[in-house]
Amino acid sequence: MATEALSVTDLHAYYGDSHVLYGVSFALEESRVLALLGRNGAGKTTCISSIMGLLPPRGGEIRLFGEKISGLPPEAISRLGVGLVPQGRRIFPTLSVRENLVVAAQRQNGAGKAPGKTWTLDRIYDLFPRMKERQNQLAGSLSGGEQQMLAIGRALMGNPKVLLLDEPSEGLAPLIVQEVGRTIQRLKDEGQSIILVEQNSRMALEVADQVVILNTGETAFVGSADEVRADEDLVTRNLGIFHGH
Amino acid sequence: MQSGSNSTRTVLALLAILIVGAVSFSYIASIRSAQFAIVQTLNSLALGGLLFLLAAGFSLIFGLMRLANLTHGALFMLGAYIGANIMRSFEGVSLWAAMIGAGLLVAVMGGLLERFVLRRLSNNSLGQVLVTLGMSFIIADACLIIWGGDPIPVPTPPDLRSPIRAFGYAFPSYRLAVVVLAVVAAIALYLLLERTRLGAMIRAGVDDMQMARAVGIPVSKLFTAVFMLGAGVAGAAGVLGGPIMSAYPGLDADMLPLALIVVILGGVGSLFGAFVGSFIIGFIYTFGTALLPDLAYVILFLPMIVVIAFRPQGLFGRIAA
Ligand SMILES: Nc1ncnc2c1ncn2[C@@H]1O[C@H](COP(=O)(O)OP(=O)(O)OP(=O)(O)O)[C@@H](O)[C@H]1O
Ligand SMILES: [Mg+2]
């Protein structure tokens with residue numbers, strides 16, 4: 001059986017008194033892409049924030065290569081090897097592009113190892129030549145697509161064992177979405193374990209190996225991407241209330 | 001970024017300040033001798049330099065930790081007392097050595113305060129402000145018990161006792177040295193913040209604290225480091241101000257409001273704002289007291305009110321005060 005890179009077991013999360021995740025469970029296998037799908041407000045970002053330690057879980061357990069990370073502060077979870085590309089990108093706007101990357105550089109320790117070669121500033125610039133051209137520009141002045149690449153580059157600088165991508169295609173032009181898709185495919189080919197959150201399931205299903213569907217804070221479906229690709233209505237059925245776009 | 005009306009307002013506010021400054025300056029210059037104007041100008045610059053050292057730390061701490069550290073004035077006074085004490089206890093210790101010694105001691109005290117008191121209140125900003133206010137009273141009383149109620153003079157370094165003579169006028173040399181040191185400190189702080197990885201991490205924390213933690217920046221250690229830096233610089237500034245102001249009970253309460261006005265004027269979290277604001281306040285306060293002693297505080301608060309009315313985030317700040 002494949003190694004579990006990240007496992008989430010019976011996760012419960014709250015914002016103050018409001019209960020948002022009710023016992024979510026799934027596991028990401030090493031070097032695989034897991035698509036985490038769900039409608040608006042289903043709890044995808046909450047799930048990602050819980051894994052990252054930004055919203056400490058009130059119940060359940062999260063493990064990274066067998067090591068328990070739930071309950072640790074975000075900086076410790078980052079150092080153990082979880083990289084985050086957050087929803088809305090959240091690059092540091094008053095830092096230059098280069099500084100955004102440099103502040104996030106770190107080597108990993110703890111169980112499991114980061115895939116492939118170590119990420120350095122030069123390798124990020126190879127991956128995104130545009131970042132090199134703009135390295136001295138303030139990150140806040142970049143276009144949406146460039147900010148997304150910077151956010152991905154910044155997460156990679158931490159040499160993550162598991163990369164969390166929260167709606168990386170949100171608000172981007174179709175051409176840029178394709179570029180983001182190609183980047184994810186390339187990272188996957190290098191052996192990166194990835195959790196990819198998307199509302200737009202088509203792009204996610206192209207690269208995913210595993211699929212988890214959340215519906216109002218509960219796991220509605222856990223299975224393989226092949227299963228989902230074979231049955232076109234499966235996603236819609238599990239998203240909850242049908243709604244056409 | 002900034003809208004057009006915002007920069008118009010900045011220009012307006014700057015103009016208002018310039019007018020207040022220019023009017024008082026020319027008035028003084030016309031009725032008194034040029035020598036008097038030179039001395040007052042250097043007094044203003046020296047006060048501005050000291051205010052910068054105080055306000056820079058306050059502003060940095062507020063920018064990163066969203067904490068108004070009201071002990072800052074007390075740390076300045078504590079530095080002045082410790083420096084005076086060092087120089088009296090050890091024969092031949094220079095002011096500069098005393099400044100470094102006191103700065104380090106006050107930095108350590110700041111670190112302890114942050115780690116063991118403020119850290120425990122990290123989600124309670126009102127509690128934090130009250131605790132810093134309480135700590136400033138405790139420090140002030142401790143100073144009174146240890147060093148008594150009489151002012152303790154701090155000797156001027158021998159080399160800087162006599163004024164520099166040029167163009168037929170005398171320039172007080174210690175005040176010049178204070179200005180030079182403040183400018184050097186400003187450049188050093190600028191380089192630390194803008195040109196090092198540590199500085200970029202601090203700025204990342206100011207931009208987005210949660211995200212900074214999520215990329216592995218040890219924000220908790222940064223807090224302690226920045227707090228120690230701010231406290232240490234304030235303590236060292238107390239010693240540097242010693243030969244001009246000496247160490248006396250109430251020095252904390254005299255300095256803190258000036259530093260607060262500087263920060264509000266220049267913009268919270270902005271080093272450049274603290275720099276410009278310090279010299280503006282240095283001039284207004286010095287000339288205001290000389291020209292219209294009864295209205296010194298009115299003249300002092302006027303530019304602040306103008307700035308708050310037109311530009312709540314201060315001249316160079318990004319966060320509304
Ligand atoms: N900071 C918050 N405080 C209170 N409630 C929140 C907060 N953030 C999210 N919620 C609520 O928690 C639920 C899950 O939100 P979450 O952001 O995880 O959804 P999502 O699946 O990421 O949606 P989207 O696709 O729109 O990003 C929603 O009902 C939302 O209103
Ligand atoms: Mg979301």
# chains A, B, ... in the order shown; residues from 1 in each chain; ligands from 1

$ residues_near_ligand --ligand "ligand 1" --cutoff "10 Å" --atoms "only C-alpha atoms and all ligand atoms" --output "ChimeraX atom specification"
/A:13-21,36-50,55,87-88,166-167,170,197-200,214-217

$ interface_residues --of "chain A" --to "chain B" --cutoff "6 Å" --atoms "only C-alpha atoms" --output "NGL selection string"
:A and (74-75 or 78-79 or 92 or 103-104)

$ write_last_selection --atoms "N, CA, C and O atoms" --output "PDB file, in the first residue's frame"
ATOM      1  N   PRO A  74       1.144  27.221  13.178  1.00  0.00           N
ATOM      2  CA  PRO A  74       1.402  27.167  11.731  1.00  0.00           C
ATOM      3  C   PRO A  74       2.884  27.189  11.355  1.00  0.00           C
ATOM      4  O   PRO A  74       3.288  26.491  10.416  1.00  0.00           O
ATOM      5  N   GLU A  75       3.701  27.978  12.099  1.00  0.00           N
ATOM      6  CA  GLU A  75       5.108  28.025  11.694  1.00  0.00           C
ATOM      7  C   GLU A  75       5.791  26.672  11.888  1.00  0.00           C
ATOM      8  O   GLU A  75       6.667  26.297  11.109  1.00  0.00           O
ATOM      9  N   SER A  78       4.571  24.425   9.042  1.00  0.00           N
ATOM     10  CA  SER A  78       5.291  24.798   7.823  1.00  0.00           C
ATOM     11  C   SER A  78       6.686  24.194   7.831  1.00  0.00           C
ATOM     12  O   SER A  78       7.148  23.650   6.833  1.00  0.00           O
ATOM     13  N   ARG A  79       7.346  24.270   8.966  1.00  0.00           N
ATOM     14  CA  ARG A  79       8.718  23.754   9.046  1.00  0.00           C
ATOM     15  C   ARG A  79       8.759  22.242   8.918  1.00  0.00           C
ATOM     16  O   ARG A  79       9.747  21.686   8.452  1.00  0.00           O
ATOM     17  N   PHE A  92       2.828  38.905   0.019  1.00  0.00           N
ATOM     18  CA  PHE A  92       3.130  40.068   0.862  1.00  0.00           C
ATOM     19  C   PHE A  92       3.281  41.284  -0.041  1.00  0.00           C
ATOM     20  O   PHE A  92       4.306  41.436  -0.716  1.00  0.00           O
ATOM     21  N   VAL A 103      11.905  35.120   2.071  1.00  0.00           N
ATOM     22  CA  VAL A 103      11.462  34.960   3.464  1.00  0.00           C
ATOM     23  C   VAL A 103      10.874  33.578   3.719  1.00  0.00           C
ATOM     24  O   VAL A 103      10.791  33.140   4.865  1.00  0.00           O
ATOM     25  N   ALA A 104      10.469  32.902   2.650  1.00  0.00           N
ATOM     26  CA  ALA A 104       9.803  31.609   2.839  1.00  0.00           C
ATOM     27  C   ALA A 104      10.759  30.426   2.685  1.00  0.00           C
ATOM     28  O   ALA A 104      10.350  29.278   2.818  1.00  0.00           O
TER      29      ALA A 104
END

$ residues_around --residues "segment 140-157 of chain B" --least-positions-apart "2" --cutoff "10 Å" --atoms "only C-alpha atoms" --output "PyMOL selection string"
chain B and resi 71+73-75+77-78+80-85+87-88+94-96+134-138+159-162+174+239-253

$ select_by_dssp --residues "segment 33-103 of chain B" --states "alpha helix (DSSP H)" --output "ChimeraX atom specification"
/B:34-65,72-89,95-103

$ select_by_dssp --residues "segment 78-226 of chain B" --states "strand (DSSP E or B)" --output "compact mmCIF listing (two decimals) with N, CA and C atoms, in the first residue's frame"
# COMPACT_ATOMS: atom_id res chain seq x y z
N ILE B 152 19.77 63.71 38.15
CA ILE B 152 21.17 63.28 38.11
C ILE B 152 21.76 63.74 36.79
N ILE B 164 31.80 74.21 18.40
CA ILE B 164 32.60 74.36 17.19
C ILE B 164 32.40 75.78 16.67
N ARG B 165 33.52 76.47 16.36
CA ARG B 165 33.37 77.85 15.85
C ARG B 165 33.58 77.85 14.34
N ALA B 166 32.61 78.44 13.66
CA ALA B 166 32.71 78.55 12.20
C ALA B 166 31.87 79.73 11.75
N TYR B 169 30.28 82.10 14.18
CA TYR B 169 29.27 81.69 15.15
C TYR B 169 29.75 80.45 15.89
N ALA B 170 29.09 80.14 17.00
CA ALA B 170 29.42 78.95 17.78
C ALA B 170 28.31 77.92 17.60
N PHE B 171 28.72 76.69 17.28
CA PHE B 171 27.75 75.60 17.12
C PHE B 171 27.96 74.60 18.26

$ closest_residue --among "A:Lys132, A:Arg182, A:Arg58, A:Arg89" --to "ligand 2" --atoms "only C-alpha atoms and all ligand atoms"
A:Arg89

$ atom_distance --atom1 "atom CA of Gly23 of chain A" --atom2 "atom CA of Asn123 of chain B"
28.0 Å

$ closest_residue --among "A:Thr118, A:Gln192, A:Asn238, A:Ser169" --to "ligand 2" --atoms "only C-alpha atoms and all ligand atoms"
A:Ser169

$ residues_around --residues "Leu54 of chain B" --least-positions-apart "5" --cutoff "9 Å" --atoms "only C-alpha atoms" --output "list in words"
Gly49, Ser59, His72, Gly73, Phe76, Gly230, Ala231, Val233, Ala234, Gly235, Ala237, Gly238, Met255, Leu256 and Ala259 of chain B

$ write_last_selection --atoms "C-alpha atoms" --output "mmCIF file, in the first residue's frame"
data_model
loop_
_atom_site.group_PDB
_atom_site.id
_atom_site.type_symbol
_atom_site.label_atom_id
_atom_site.label_comp_id
_atom_site.auth_asym_id
_atom_site.auth_seq_id
_atom_site.Cartn_x
_atom_site.Cartn_y
_atom_site.Cartn_z
ATOM 1 C CA GLY B 49 17.097 63.012 16.883
ATOM 2 C CA SER B 59 6.397 52.630 15.716
ATOM 3 C CA HIS B 72 8.513 53.336 25.980
ATOM 4 C CA GLY B 73 8.945 56.637 27.823
ATOM 5 C CA PHE B 76 13.998 55.941 27.901
ATOM 6 C CA GLY B 230 12.867 49.006 20.322
ATOM 7 C CA ALA B 231 13.476 48.923 24.079
ATOM 8 C CA VAL B 233 17.255 51.861 21.289
ATOM 9 C CA ALA B 234 14.964 53.784 23.663
ATOM 10 C CA GLY B 235 17.279 53.025 26.599
ATOM 11 C CA ALA B 237 18.572 57.251 23.589
ATOM 12 C CA GLY B 238 17.955 58.042 27.256
ATOM 13 C CA MET B 255 9.048 62.211 26.444
ATOM 14 C CA LEU B 256 6.227 59.722 25.832
ATOM 15 C CA ALA B 259 6.918 60.315 20.829
#

$ atom_distance --atom1 "atom CA of Val228 of chain A" --atom2 "atom CA of Met149 of chain A"
28.5 Å

$ closest_residue --among "A:Gly145, A:Pro73, A:Pro86, A:Gly66" --to "ligand 2" --atoms "only C-alpha atoms and all ligand atoms"
A:Pro86

$ residues_around --residues "Lys161 of chain A" --least-positions-apart "3" --cutoff "12 Å" --atoms "only C-alpha atoms" --output "mmCIF file with N, CA, C and O atoms, in the first residue's frame"
data_model
loop_
_atom_site.group_PDB
_atom_site.id
_atom_site.type_symbol
_atom_site.label_atom_id
_atom_site.label_comp_id
_atom_site.auth_asym_id
_atom_site.auth_seq_id
_atom_site.Cartn_x
_atom_site.Cartn_y
_atom_site.Cartn_z
ATOM 1 N N GLU A 4 0.969 7.064 3.277
ATOM 2 C CA GLU A 4 0.081 8.207 3.457
ATOM 3 C C GLU A 4 0.905 9.453 3.748
ATOM 4 O O GLU A 4 1.615 9.526 4.741
ATOM 5 N N ALA A 5 0.837 10.425 2.840
ATOM 6 C CA ALA A 5 1.583 11.665 3.048
ATOM 7 C C ALA A 5 0.884 12.519 4.101
ATOM 8 O O ALA A 5 1.518 13.076 4.990
ATOM 9 N N LEU A 6 -0.430 12.606 3.960
ATOM 10 C CA LEU A 6 -1.183 13.426 4.908
ATOM 11 C C LEU A 6 -2.505 12.730 5.196
ATOM 12 O O LEU A 6 -3.211 12.348 4.269
ATOM 13 N N LEU A 28 -4.200 11.568 1.838
ATOM 14 C CA LEU A 28 -3.490 11.821 0.581
ATOM 15 C C LEU A 28 -2.299 10.872 0.500
ATOM 16 O O LEU A 28 -1.516 10.781 1.441
ATOM 17 N N GLU A 29 -2.183 10.166 -0.638
ATOM 18 C CA GLU A 29 -1.038 9.268 -0.797
ATOM 19 C C GLU A 29 0.158 10.036 -1.333
ATOM 20 O O GLU A 29 0.006 11.044 -2.022
ATOM 21 N N GLU A 30 1.345 9.507 -1.014
ATOM 22 C CA GLU A 30 2.572 10.186 -1.419
ATOM 23 C C GLU A 30 2.655 10.309 -2.940
ATOM 24 O O GLU A 30 2.290 9.384 -3.673
ATOM 25 N N SER A 31 3.101 11.469 -3.399
ATOM 26 C CA SER A 31 3.300 11.764 -4.825
ATOM 27 C C SER A 31 2.005 11.746 -5.638
ATOM 28 O O SER A 31 2.036 11.546 -6.849
ATOM 29 N N ARG A 32 0.889 11.897 -4.978
ATOM 30 C CA ARG A 32 -0.392 11.940 -5.674
ATOM 31 C C ARG A 32 -1.004 13.333 -5.560
ATOM 32 O O ARG A 32 -0.598 14.131 -4.717
ATOM 33 N N LEU A 64 1.176 14.059 9.297
ATOM 34 C CA LEU A 64 2.021 14.251 8.118
ATOM 35 C C LEU A 64 3.066 13.146 8.139
ATOM 36 O O LEU A 64 3.878 13.083 9.057
ATOM 37 N N PHE A 65 3.013 12.247 7.163
ATOM 38 C CA PHE A 65 3.888 11.079 7.148
ATOM 39 C C PHE A 65 3.930 10.412 8.523
ATOM 40 O O PHE A 65 4.991 10.088 9.050
ATOM 41 N N ILE A 77 4.192 23.719 11.661
ATOM 42 C CA ILE A 77 3.646 22.841 10.619
ATOM 43 C C ILE A 77 4.323 23.138 9.292
ATOM 44 O O ILE A 77 4.679 22.232 8.541
ATOM 45 N N SER A 78 4.571 24.425 9.042
ATOM 46 C CA SER A 78 5.291 24.798 7.823
ATOM 47 C C SER A 78 6.686 24.194 7.831
ATOM 48 O O SER A 78 7.148 23.650 6.833
ATOM 49 N N ARG A 79 7.346 24.270 8.966
ATOM 50 C CA ARG A 79 8.718 23.754 9.046
ATOM 51 C C ARG A 79 8.759 22.242 8.918
ATOM 52 O O ARG A 79 9.747 21.686 8.452
ATOM 53 N N LEU A 80 7.666 21.570 9.320
ATOM 54 C CA LEU A 80 7.639 20.113 9.176
ATOM 55 C C LEU A 80 7.343 19.705 7.737
ATOM 56 O O LEU A 80 7.495 18.543 7.382
ATOM 57 N N GLY A 81 6.875 20.649 6.910
ATOM 58 C CA GLY A 81 6.758 20.293 5.503
ATOM 59 C C GLY A 81 5.394 20.454 4.865
ATOM 60 O O GLY A 81 5.084 19.768 3.894
ATOM 61 N N VAL A 82 4.572 21.353 5.376
ATOM 62 C CA VAL A 82 3.318 21.645 4.688
ATOM 63 C C VAL A 82 3.448 23.032 4.064
ATOM 64 O O VAL A 82 3.784 23.992 4.754
ATOM 65 N N GLY A 83 3.209 23.121 2.765
ATOM 66 C CA GLY A 83 3.287 24.404 2.070
ATOM 67 C C GLY A 83 1.892 24.850 1.673
ATOM 68 O O GLY A 83 1.070 24.026 1.269
ATOM 69 N N LEU A 84 1.627 26.147 1.791
ATOM 70 C CA LEU A 84 0.277 26.640 1.514
ATOM 71 C C LEU A 84 0.273 27.698 0.421
ATOM 72 O O LEU A 84 1.016 28.672 0.474
ATOM 73 N N ARG A 107 14.616 24.566 4.829
ATOM 74 C CA ARG A 107 14.811 23.134 4.637
ATOM 75 C C ARG A 107 13.859 22.419 5.565
ATOM 76 O O ARG A 107 13.528 22.924 6.630
ATOM 77 N N GLN A 108 13.460 21.236 5.162
ATOM 78 C CA GLN A 108 12.500 20.512 5.996
ATOM 79 C C GLN A 108 13.185 19.524 6.910
ATOM 80 O O GLN A 108 14.246 19.011 6.619
ATOM 81 N N ASN A 109 12.527 19.259 8.045
ATOM 82 C CA ASN A 109 12.975 18.158 8.887
ATOM 83 C C ASN A 109 11.763 17.327 9.271
ATOM 84 O O ASN A 109 10.671 17.549 8.776
ATOM 85 N N GLY A 110 11.960 16.351 10.144
ATOM 86 C CA GLY A 110 10.847 15.496 10.547
ATOM 87 C C GLY A 110 10.655 14.339 9.575
ATOM 88 O O GLY A 110 11.487 14.114 8.678
ATOM 89 N N ALA A 111 9.554 13.605 9.763
ATOM 90 C CA ALA A 111 9.316 12.389 8.995
ATOM 91 C C ALA A 111 9.019 12.699 7.525
ATOM 92 O O ALA A 111 8.512 13.763 7.203
ATOM 93 N N GLY A 112 9.351 11.754 6.656
ATOM 94 C CA GLY A 112 9.078 11.903 5.230
ATOM 95 C C GLY A 112 10.043 12.866 4.610
ATOM 96 O O GLY A 112 10.747 13.600 5.301
ATOM 97 N N LYS A 113 10.128 12.845 3.271
ATOM 98 C CA LYS A 113 11.033 13.821 2.678
ATOM 99 C C LYS A 113 10.401 14.540 1.507
ATOM 100 O O LYS A 113 9.475 14.032 0.876
ATOM 101 N N ALA A 114 10.900 15.747 1.266
ATOM 102 C CA ALA A 114 10.383 16.527 0.163
ATOM 103 C C ALA A 114 10.855 15.884 -1.133
ATOM 104 O O ALA A 114 11.953 15.342 -1.193
ATOM 105 N N PRO A 115 10.019 15.931 -2.182
ATOM 106 C CA PRO A 115 10.372 15.261 -3.426
ATOM 107 C C PRO A 115 11.419 16.035 -4.199
ATOM 108 O O PRO A 115 11.577 17.234 -4.015
ATOM 109 N N GLY A 116 12.121 15.305 -5.080
ATOM 110 C CA GLY A 116 12.992 15.934 -6.072
ATOM 111 C C GLY A 116 14.099 16.779 -5.490
ATOM 112 O O GLY A 116 14.478 16.662 -4.329
ATOM 113 N N LYS A 117 14.603 17.659 -6.345
ATOM 114 C CA LYS A 117 15.702 18.530 -5.946
ATOM 115 C C LYS A 117 15.208 19.631 -5.027
ATOM 116 O O LYS A 117 14.049 20.016 -5.068
ATOM 117 N N THR A 118 16.111 20.164 -4.211
ATOM 118 C CA THR A 118 15.772 21.271 -3.322
ATOM 119 C C THR A 118 15.397 22.505 -4.137
ATOM 120 O O THR A 118 16.044 22.818 -5.129
ATOM 121 N N TRP A 119 14.326 23.181 -3.728
ATOM 122 C CA TRP A 119 13.939 24.413 -4.400
ATOM 123 C C TRP A 119 14.828 25.562 -3.943
ATOM 124 O O TRP A 119 15.060 25.738 -2.757
ATOM 125 N N ALA A 155 5.418 29.091 -1.759
ATOM 126 C CA ALA A 155 5.161 27.841 -1.033
ATOM 127 C C ALA A 155 6.254 26.815 -1.331
ATOM 128 O O ALA A 155 6.705 26.085 -0.445
ATOM 129 N N LEU A 156 6.718 26.777 -2.601
ATOM 130 C CA LEU A 156 7.745 25.794 -2.958
ATOM 131 C C LEU A 156 9.076 26.085 -2.274
ATOM 132 O O LEU A 156 9.842 25.171 -1.972
ATOM 133 N N MET A 157 9.375 27.376 -2.030
ATOM 134 C CA MET A 157 10.629 27.749 -1.370
ATOM 135 C C MET A 157 10.779 27.076 -0.008
ATOM 136 O O MET A 157 11.874 26.940 0.513
ATOM 137 N N GLY A 158 9.666 26.683 0.584
ATOM 138 C CA GLY A 158 9.722 25.981 1.864
ATOM 139 C C GLY A 158 9.993 24.490 1.688
ATOM 140 O O GLY A 158 10.024 23.754 2.659
ATOM 141 N N LEU A 164 -0.461 22.453 -0.363
ATOM 142 C CA LEU A 164 -1.901 22.727 -0.339
ATOM 143 C C LEU A 164 -2.187 23.892 -1.275
ATOM 144 O O LEU A 164 -1.636 24.973 -1.105
ATOM 145 N N LEU A 187 4.720 19.687 -11.208
ATOM 146 C CA LEU A 187 5.084 19.396 -9.816
ATOM 147 C C LEU A 187 4.738 17.947 -9.485
ATOM 148 O O LEU A 187 5.494 17.241 -8.825
ATOM 149 N N LYS A 188 3.586 17.517 -9.991
ATOM 150 C CA LYS A 188 3.169 16.135 -9.757
ATOM 151 C C LYS A 188 4.189 15.167 -10.365
ATOM 152 O O LYS A 188 4.566 14.179 -9.749
ATOM 153 N N GLU A 190 7.225 15.604 -10.698
ATOM 154 C CA GLU A 190 8.437 15.551 -9.875
ATOM 155 C C GLU A 190 8.211 14.794 -8.577
ATOM 156 O O GLU A 190 9.117 14.677 -7.756
ATOM 157 N N GLY A 191 6.984 14.343 -8.371
ATOM 158 C CA GLY A 191 6.714 13.538 -7.172
ATOM 159 C C GLY A 191 6.118 14.304 -6.016
ATOM 160 O O GLY A 191 6.015 13.788 -4.903
ATOM 161 N N GLN A 192 5.712 15.553 -6.264
ATOM 162 C CA GLN A 192 5.130 16.374 -5.183
ATOM 163 C C GLN A 192 3.753 15.842 -4.789
ATOM 164 O O GLN A 192 2.908 15.600 -5.657
ATOM 165 N N SER A 193 3.516 15.667 -3.503
ATOM 166 C CA SER A 193 2.178 15.327 -3.012
ATOM 167 C C SER A 193 1.377 16.619 -2.882
ATOM 168 O O SER A 193 1.868 17.591 -2.321
ATOM 169 N N ILE A 194 0.155 16.615 -3.430
ATOM 170 C CA ILE A 194 -0.615 17.864 -3.532
ATOM 171 C C ILE A 194 -2.069 17.670 -3.123
ATOM 172 O O ILE A 194 -2.701 16.673 -3.502
ATOM 173 N N ILE A 195 -2.587 18.623 -2.360
ATOM 174 C CA ILE A 195 -4.038 18.709 -2.190
ATOM 175 C C ILE A 195 -4.493 19.939 -2.966
ATOM 176 O O ILE A 195 -4.018 21.045 -2.728
#

$ residues_around --residues "Met228 of chain B" --least-positions-apart "6" --cutoff "7 Å" --atoms "only C-alpha atoms" --output "PyMOL selection string"
chain B and resi 107-108+110-111

$ write_last_selection --atoms "N, CA and C atoms" --output "short mmCIF file (atom, residue, chain, number, x, y, z; two decimals), in the first residue's frame"
data_model
loop_
_atom_site.label_atom_id
_atom_site.label_comp_id
_atom_site.auth_asym_id
_atom_site.auth_seq_id
_atom_site.Cartn_x
_atom_site.Cartn_y
_atom_site.Cartn_z
N ALA B 107 17.28 46.53 26.81
CA ALA B 107 16.79 45.57 25.81
C ALA B 107 16.41 44.26 26.49
N VAL B 108 17.26 43.79 27.40
CA VAL B 108 16.97 42.54 28.11
C VAL B 108 15.67 42.70 28.93
N GLY B 110 13.23 44.68 28.30
CA GLY B 110 12.13 44.68 27.33
C GLY B 110 11.79 43.26 26.90
N GLY B 111 12.82 42.46 26.65
CA GLY B 111 12.61 41.08 26.24
C GLY B 111 11.83 40.30 27.30
#

$ closest_residue --among "A:Val85, A:Ala208, A:Leu172, A:Ile184" --to "ligand 2" --atoms "only C-alpha atoms and all ligand atoms"
A:Val85

$ atom_distance --atom1 "atom CA of Glu227 of chain A" --atom2 "atom CA of Thr9 of chain A"
22.5 Å

$ decode --residues "segment 127-151 of chain B" --atoms "C-alpha atoms" --output "PDB file, in the first residue's frame"
ATOM      1  CA  GLY B 127      -5.111  44.372  28.481  1.00  0.00           C
ATOM      2  CA  GLN B 128      -1.718  44.766  26.837  1.00  0.00           C
ATOM      3  CA  VAL B 129      -1.960  48.546  26.677  1.00  0.00           C
ATOM      4  CA  LEU B 130      -3.050  48.739  30.316  1.00  0.00           C
ATOM      5  CA  VAL B 131      -0.214  46.451  31.363  1.00  0.00           C
ATOM      6  CA  THR B 132       2.354  48.590  29.532  1.00  0.00           C
ATOM      7  CA  LEU B 133       0.931  51.665  31.253  1.00  0.00           C
ATOM      8  CA  GLY B 134       1.097  49.910  34.631  1.00  0.00           C
ATOM      9  CA  MET B 135       4.662  48.782  33.933  1.00  0.00           C
ATOM     10  CA  SER B 136       5.657  52.354  33.141  1.00  0.00           C
ATOM     11  CA  PHE B 137       4.410  53.454  36.586  1.00  0.00           C
ATOM     12  CA  ILE B 138       6.275  50.576  38.231  1.00  0.00           C
ATOM     13  CA  ILE B 139       9.504  51.483  36.418  1.00  0.00           C
ATOM     14  CA  ALA B 140       9.061  55.169  37.310  1.00  0.00           C
ATOM     15  CA  ASP B 141       8.555  54.337  40.991  1.00  0.00           C
ATOM     16  CA  ALA B 142      11.473  51.936  40.995  1.00  0.00           C
ATOM     17  CA  CYS B 143      13.695  54.684  39.561  1.00  0.00           C
ATOM     18  CA  LEU B 144      12.491  57.069  42.238  1.00  0.00           C
ATOM     19  CA  ILE B 145      13.322  54.547  44.974  1.00  0.00           C
ATOM     20  CA  ILE B 146      16.730  53.645  43.548  1.00  0.00           C
ATOM     21  CA  TRP B 147      17.952  57.040  42.349  1.00  0.00           C
ATOM     22  CA  GLY B 148      15.932  59.494  44.449  1.00  0.00           C
ATOM     23  CA  GLY B 149      14.025  62.605  43.454  1.00  0.00           C
ATOM     24  CA  ASP B 150      16.873  64.905  42.455  1.00  0.00           C
ATOM     25  CA  PRO B 151      17.941  65.142  38.829  1.00  0.00           C
TER      26      PRO B 151
END
